[in-house]
Structure formats: C-alpha cells, structure tokens
>>> print(open('upload19.txt').read())   # compact mmCIF, C-alpha atoms
# COMPACT_ATOMS: atom_id res chain seq x y z
CA SER M 1 -185.01 60.41 67.13
CA ILE M 2 -184.60 56.87 65.86
CA GLN M 3 -180.82 57.22 65.90
CA LYS M 4 -180.74 58.27 69.56
CA ALA M 5 -183.14 55.49 70.51
CA ARG M 6 -180.97 52.93 68.70
CA LEU M 7 -177.83 54.13 70.48
CA TYR M 8 -179.61 53.95 73.83
CA LEU M 9 -180.78 50.39 73.24
CA GLU M 10 -177.34 49.32 72.08
CA LYS M 11 -175.69 50.89 75.11
CA HIS M 12 -177.96 49.17 77.62
CA PHE M 13 -178.68 45.91 75.78
CA SER M 14 -176.20 43.85 77.81
CA ARG M 15 -178.10 44.72 80.99
CA ILE M 16 -181.36 43.13 79.83
CA THR M 17 -182.44 40.08 81.81
CA ASP M 18 -186.21 40.03 81.18
CA GLN M 19 -187.29 37.84 78.24
CA PHE M 20 -189.97 40.25 77.02
CA GLU M 21 -187.50 43.13 77.04
CA LEU M 22 -184.95 40.96 75.26
CA SER M 23 -187.35 39.97 72.48
CA ILE M 24 -188.84 43.41 71.85
CA VAL M 25 -185.44 45.13 71.87
CA THR M 26 -183.96 42.47 69.57
CA TYR M 27 -186.81 43.04 67.15
CA ALA M 28 -186.30 46.81 67.32
CA LEU M 29 -182.56 46.45 66.68
CA HIS M 30 -183.30 44.40 63.58
CA LEU M 31 -185.79 46.96 62.28
CA VAL M 32 -183.17 49.74 62.45
CA ASN M 33 -180.38 47.48 61.14
CA SER M 34 -178.30 47.89 64.30
CA PRO M 35 -174.66 46.73 64.18
CA ILE M 36 -175.32 44.55 67.25
CA LYS M 37 -178.43 42.86 65.86
CA ASP M 38 -176.57 39.57 65.36
CA PHE M 39 -175.35 39.63 68.95
CA ALA M 40 -178.91 40.32 70.10
CA TRP M 41 -180.13 37.46 67.91
CA GLN M 42 -177.66 35.06 69.48
CA ARG M 43 -178.79 36.00 72.98
CA LEU M 44 -182.41 35.56 71.94
CA MET M 45 -181.72 32.09 70.58
CA GLN M 46 -179.80 31.06 73.69
CA SER M 47 -182.67 32.01 76.00
CA LYS M 48 -185.53 30.14 74.32
CA HIS M 49 -187.55 27.38 76.01
CA LYS M 50 -188.79 24.27 74.27
CA ASN M 51 -191.42 21.73 75.29
CA SER M 52 -193.95 19.44 73.64
CA ASP M 53 -196.04 22.48 72.60
CA GLY M 54 -193.21 24.21 70.78
CA VAL M 55 -190.67 26.99 71.32
CA TYR M 56 -191.32 30.06 73.48
CA TRP M 57 -189.64 32.80 75.51
CA SER M 58 -190.47 33.50 79.14
CA ASN M 59 -188.94 34.23 82.52
CA TRP M 60 -190.86 31.22 83.80
CA ILE M 61 -191.65 27.70 82.69
CA ILE M 62 -195.11 27.67 81.09
CA PRO M 63 -197.00 24.39 81.73
CA THR M 64 -198.16 22.31 78.79
CA ALA M 65 -201.66 20.99 78.22
CA ARG M 66 -202.26 17.34 79.06
CA ILE M 67 -202.83 14.98 76.15
CA ASN M 68 -205.65 12.42 76.45
CA TRP M 69 -206.01 9.42 74.17
CA ILE M 70 -209.78 9.13 74.05
CA SER M 71 -209.51 7.22 70.79
CA LYS M 72 -206.73 6.54 68.32
CA ASN M 73 -206.25 10.29 67.93
CA PRO M 74 -204.87 12.41 70.79
CA ARG M 75 -207.00 15.14 72.37
CA ARG M 76 -205.53 18.15 74.11
CA ASP M 77 -207.11 19.32 77.37
CA TRP M 78 -207.71 22.98 78.11
CA LYS M 79 -204.41 24.79 78.58
CA PRO M 80 -203.37 25.14 82.23
CA GLU M 81 -203.80 28.59 83.72
CA SER M 82 -200.64 30.55 84.42
CA ASN M 83 -199.99 34.00 85.86
CA HIS M 84 -197.18 34.46 83.35
CA GLU M 85 -198.68 33.40 80.03
CA ALA M 86 -199.40 36.94 78.79
CA HIS M 87 -195.77 37.87 79.37
CA ALA M 88 -194.65 34.73 77.53
CA VAL M 89 -197.03 35.27 74.60
CA CYS M 90 -195.79 38.85 74.09
CA ALA M 91 -192.13 37.83 74.30
CA THR M 92 -192.67 34.91 71.94
CA SER M 93 -194.63 37.04 69.47
CA PHE M 94 -191.78 39.54 69.16
CA ALA M 95 -189.34 36.65 68.77
CA LEU M 96 -191.43 35.26 65.90
CA LEU M 97 -191.56 38.70 64.27
CA THR M 98 -187.76 38.81 64.48
CA PHE M 99 -187.52 35.40 62.80
CA ILE M 100 -189.79 36.60 60.01
CA HIS M 101 -187.84 39.83 59.58
CA ARG M 102 -184.58 37.91 59.21
CA ALA M 103 -186.20 35.65 56.63
CA ASP M 104 -187.31 38.73 54.69
CA MET M 105 -183.76 40.09 54.86
CA GLU M 106 -182.54 36.82 53.39
CA ASP M 107 -184.95 37.20 50.49
CA TYR M 108 -183.60 40.68 49.76
CA ASP M 109 -179.94 39.70 49.99
CA ARG M 110 -179.27 36.22 48.68
CA ASN M 111 -175.55 36.90 48.31
CA SER M 112 -174.91 37.62 51.98
CA SER M 113 -173.35 35.12 54.34
CA SER M 114 -175.66 32.45 55.63
CA SER M 115 -174.26 32.94 59.15
CA TYR M 116 -176.23 36.17 59.43
CA PHE M 117 -179.25 35.43 57.27
CA SER M 118 -179.87 31.87 58.47
CA SER M 119 -183.59 31.40 59.07
CA ASN M 120 -184.66 28.21 60.77
CA ILE M 121 -187.97 27.24 59.22
CA ASN M 122 -188.55 24.47 61.74
CA THR M 123 -188.04 26.82 64.69
CA ARG M 124 -190.42 29.35 63.17
CA TYR M 125 -193.01 26.61 62.88
CA GLU M 126 -192.44 25.55 66.51
CA ILE M 127 -192.87 29.15 67.69
CA MET M 128 -196.11 29.45 65.74
CA ALA M 129 -197.30 26.13 67.16
CA TRP M 130 -196.62 27.22 70.74
CA LEU M 131 -198.53 30.48 70.25
CA GLN M 132 -201.50 28.52 68.94
CA THR M 133 -201.59 26.41 72.11
CA GLN M 134 -202.04 29.55 74.22
CA ARG M 135 -205.50 30.32 72.83
CA ASN M 136 -208.42 30.13 75.22
CA PHE M 137 -211.96 28.91 74.50
CA ILE M 138 -212.80 32.09 72.53
CA SER M 139 -209.59 31.79 70.45
CA ALA M 140 -207.86 34.69 72.21
CA MET M 141 -205.01 34.80 74.69
CA SER M 142 -205.16 35.99 78.28
CA SER M 143 -205.37 39.76 77.62
CA THR M 144 -206.05 42.26 74.85
CA TYR M 145 -202.46 43.30 74.18
CA ASP M 146 -200.94 39.83 73.99
CA SER M 147 -203.90 38.62 71.90
CA LEU M 148 -203.46 41.36 69.27
CA LEU M 149 -199.69 41.03 69.27
CA ALA M 150 -199.89 37.25 68.84
CA LYS M 151 -202.43 37.67 66.03
CA LYS M 152 -200.07 40.08 64.27
CA ALA M 153 -197.16 37.64 64.56
CA LEU M 154 -199.32 34.74 63.35
CA VAL M 155 -200.61 36.75 60.38
CA PHE M 156 -197.06 37.72 59.43
CA TYR M 157 -196.02 34.09 59.77
CA SER M 158 -198.87 33.01 57.51
CA ILE M 159 -197.84 35.58 54.90
CA SER M 160 -194.21 34.45 55.11
CA THR M 161 -195.28 30.91 54.22
CA GLY M 162 -197.06 32.09 51.08
CA ASP M 163 -200.64 32.58 52.27
CA LEU M 164 -202.54 35.52 50.81
CA VAL M 165 -204.10 38.19 53.02
CA GLN M 166 -207.84 38.42 52.59
CA LYS M 167 -209.71 41.72 52.63
CA TYR M 168 -212.22 42.26 55.40
CA ASP M 169 -214.54 45.13 56.21
CA ILE M 170 -215.28 45.52 59.92
CA GLN M 171 -217.91 47.96 61.12
CA LEU M 172 -218.31 49.09 64.70
CA LYS M 173 -221.54 50.94 65.46
CA LEU M 174 -222.20 52.78 68.71
CA ALA M 175 -225.60 54.18 69.67
CA SER M 176 -225.63 57.97 69.46
CA SER M 177 -226.12 60.02 72.62
CA SER M 178 -225.27 63.66 73.10
CA SER M 179 -224.32 63.11 76.76
CA LEU M 180 -221.85 60.35 75.87
CA PHE M 181 -220.59 61.66 72.56
CA ASP M 182 -217.30 62.98 73.94
CA THR M 183 -216.56 59.72 75.73
CA LYS M 184 -217.31 57.68 72.63
CA SER M 185 -215.20 59.97 70.48
CA LYS M 186 -212.25 59.47 72.78
CA PHE M 187 -212.86 55.74 72.76
CA ILE M 188 -212.91 55.65 68.96
CA GLU M 189 -209.77 57.77 68.73
CA PHE M 190 -208.00 55.38 71.07
CA LEU M 191 -209.27 52.34 69.18
CA ILE M 192 -208.11 53.77 65.86
CA PHE M 193 -204.68 54.64 67.25
CA PHE M 194 -204.24 51.24 68.90
CA ILE M 195 -205.29 49.12 65.94
CA ASN M 196 -203.56 51.27 63.34
CA SER M 197 -200.27 51.34 65.26
CA LEU M 198 -200.35 47.58 65.76
CA PHE M 199 -201.50 46.40 62.34
CA ASN M 200 -200.90 49.43 60.08
CA ILE M 201 -204.56 49.35 59.05
CA LYS M 202 -206.20 52.13 57.06
CA TYR M 203 -209.39 53.50 58.60
CA TYR M 204 -212.00 56.18 58.58
CA TYR M 205 -215.10 57.06 60.57
CA ASN M 206 -217.96 59.47 60.02
CA TYR M 207 -220.13 61.67 62.21
CA ASN M 208 -222.51 58.81 62.96
CA ILE M 209 -219.72 57.09 64.92
CA LEU M 210 -219.22 54.46 62.25
CA LEU M 211 -215.75 52.93 62.25
CA LYS M 212 -214.68 50.98 59.21
CA LEU M 213 -211.41 49.09 59.16
CA ASN M 214 -209.95 47.83 55.89
CA ILE M 215 -207.49 45.00 56.48
>>> encode(input="upload19.txt", output="structure tokens")
Amino acid sequence: SIQKARLYLEKHFSRITDQFELSIVTYALHLVNSPIKDFAWQRLMQSKHKNSDGVYWSNWIIPTARINWISKNPRRDWKPESNHEAHAVCATSFALLTFIHRADMEDYDRNSSSSYFSSNINTRYEIMAWLQTQRNFISAMSSTYDSLLAKKALVFYSISTGDLVQKYDIQLKLASSSSLFDTKSKFIEFLIFFINSLFNIKYYYNYNILLKLNI
C-alpha cells in the first residue's frame, strides 16, 4: 500500500547517497505529503550542481558545451558526450517536478509559512535551462526513459509558467500480419502502459492495430 511504501522510504531515506534515488524519493515523499518532505527537500537543495548551463543533479560533474563567438552572438557547440548524462537528466527531471509540486502547494495554501512553501522561480528556470542543453541533434536526450521523463518535466514547467497545453492526435500504424500479430499486440500493450503511466494520457486502439493518443 501507499502507506507502507511511504513508511519504508522515510525509514531508509537517510541512507540514500545516489542523486537519482534522492530526487525520485524526494518527489515521491512530496506526492504523499510525508512529514519528512521538508528534510528531503533540504537535502535535495544541498546536493545540486550549478554551472554555466544551469542547475542539475548528478553523482558526477557533467561537462558543459563550449561557446564560440562566430559573430556578435554566441554559438553553442554540440554538447560533450558523457556516460552519466542519462542518470543526470533523470535526477534533474524529478528535481524539477518536485519544484513544480511545491509551487502548486503554495498556490493551494497561501496562508502557510513561506519557509515550507518557498519556490525559487530562478532556480526552476535554471533547472529547465540545463535540461534543454542536454538535447541531442534530434531534440532528444541520450535514452528513451530520460527523454520522456525530461519532456514530462519540461511540459509541467511550461504549464506552471502559464502556457496552455495544446491538443494533439498521434496515430501509430503497424502493418497487419497474422504471424506477428501477437508480438505487435504485446508491443502496443507495453507502449500504452509506458506512455499512459508517464504522461497520464488517454488512449484507445482498434483491431486494425491503430493507436491513437490524445494529449
């Protein structure tokens, strides 16, 4: 149950040393309104990194892209490759989601003490800016999971700043084949579960293996 999971995380929180574990557990503790969420928040804030790209969380130092002054305006080179960037993107994404959640809490409870509901708009912007620098030449990150998680955090950030969510219809069509139907069905079931659990998207698909996602 949620209660047992919360108690487990609270019991073992002080043993966390990994930045990804710290950020995801801190976010989870905020979602369930844990009594130690402020303590978790303080640890999260104390462990952040900051460079010219912005603010991020990682067990390692992530290199920054070199800036070239080809003209009067600076140009950023391709981001340096790192074996740890996926880990950093995931940790930073959960940290940004925690920032946004605390800002939402502030909106719901204006009368509470600012010591708990303080939301640093500048830091949120710096986190968003760092995540944007981690995009590759196709606008994704280094892997599927960190790309989708970063996109979720960036969408939530955009909403928190007042942007409206547009409606999109995405259709995925797979060629029908009786010999591969079972495999494709399992693939679609996994795709639906993964996207729906990450973005809370409504979906449906018909017998012609047509998947429609309404964002």
>>> axis_aligned_box(input="upload19.txt", around="region 138-149 of chain M", padding_each_side="5 Å", output="JSON")
{"center_x": -206.2, "center_y": 37.5, "center_z": 73.8, "size_x": 23.1, "size_y": 21.5, "size_z": 19.0}
>>> residues_around(input="upload19.txt", residues="region 43-55 of chain M", least_positions_apart="4", cutoff="8 Å", atoms="all atoms listed in the file", output="list in words")
Gln19, Leu22, Ser23, Thr26, Phe39, Ile61, Thr64, Ala95, Thr123, Glu126, Ile127, Met128, Ala129, Trp130 and Thr133 of chain M
>>> closest_residue(input="upload19.txt", among="M:Ser158, M:Ser93, M:Asn122, M:Ser142", to="Trp57 (chain M)", atoms="all atoms listed in the file")
M:Ser93
>>> atom_distance(input="upload19.txt", atom1="CA of Glu81 (chain M)", atom2="CA of Ala140 (chain M)")
13.6 Å
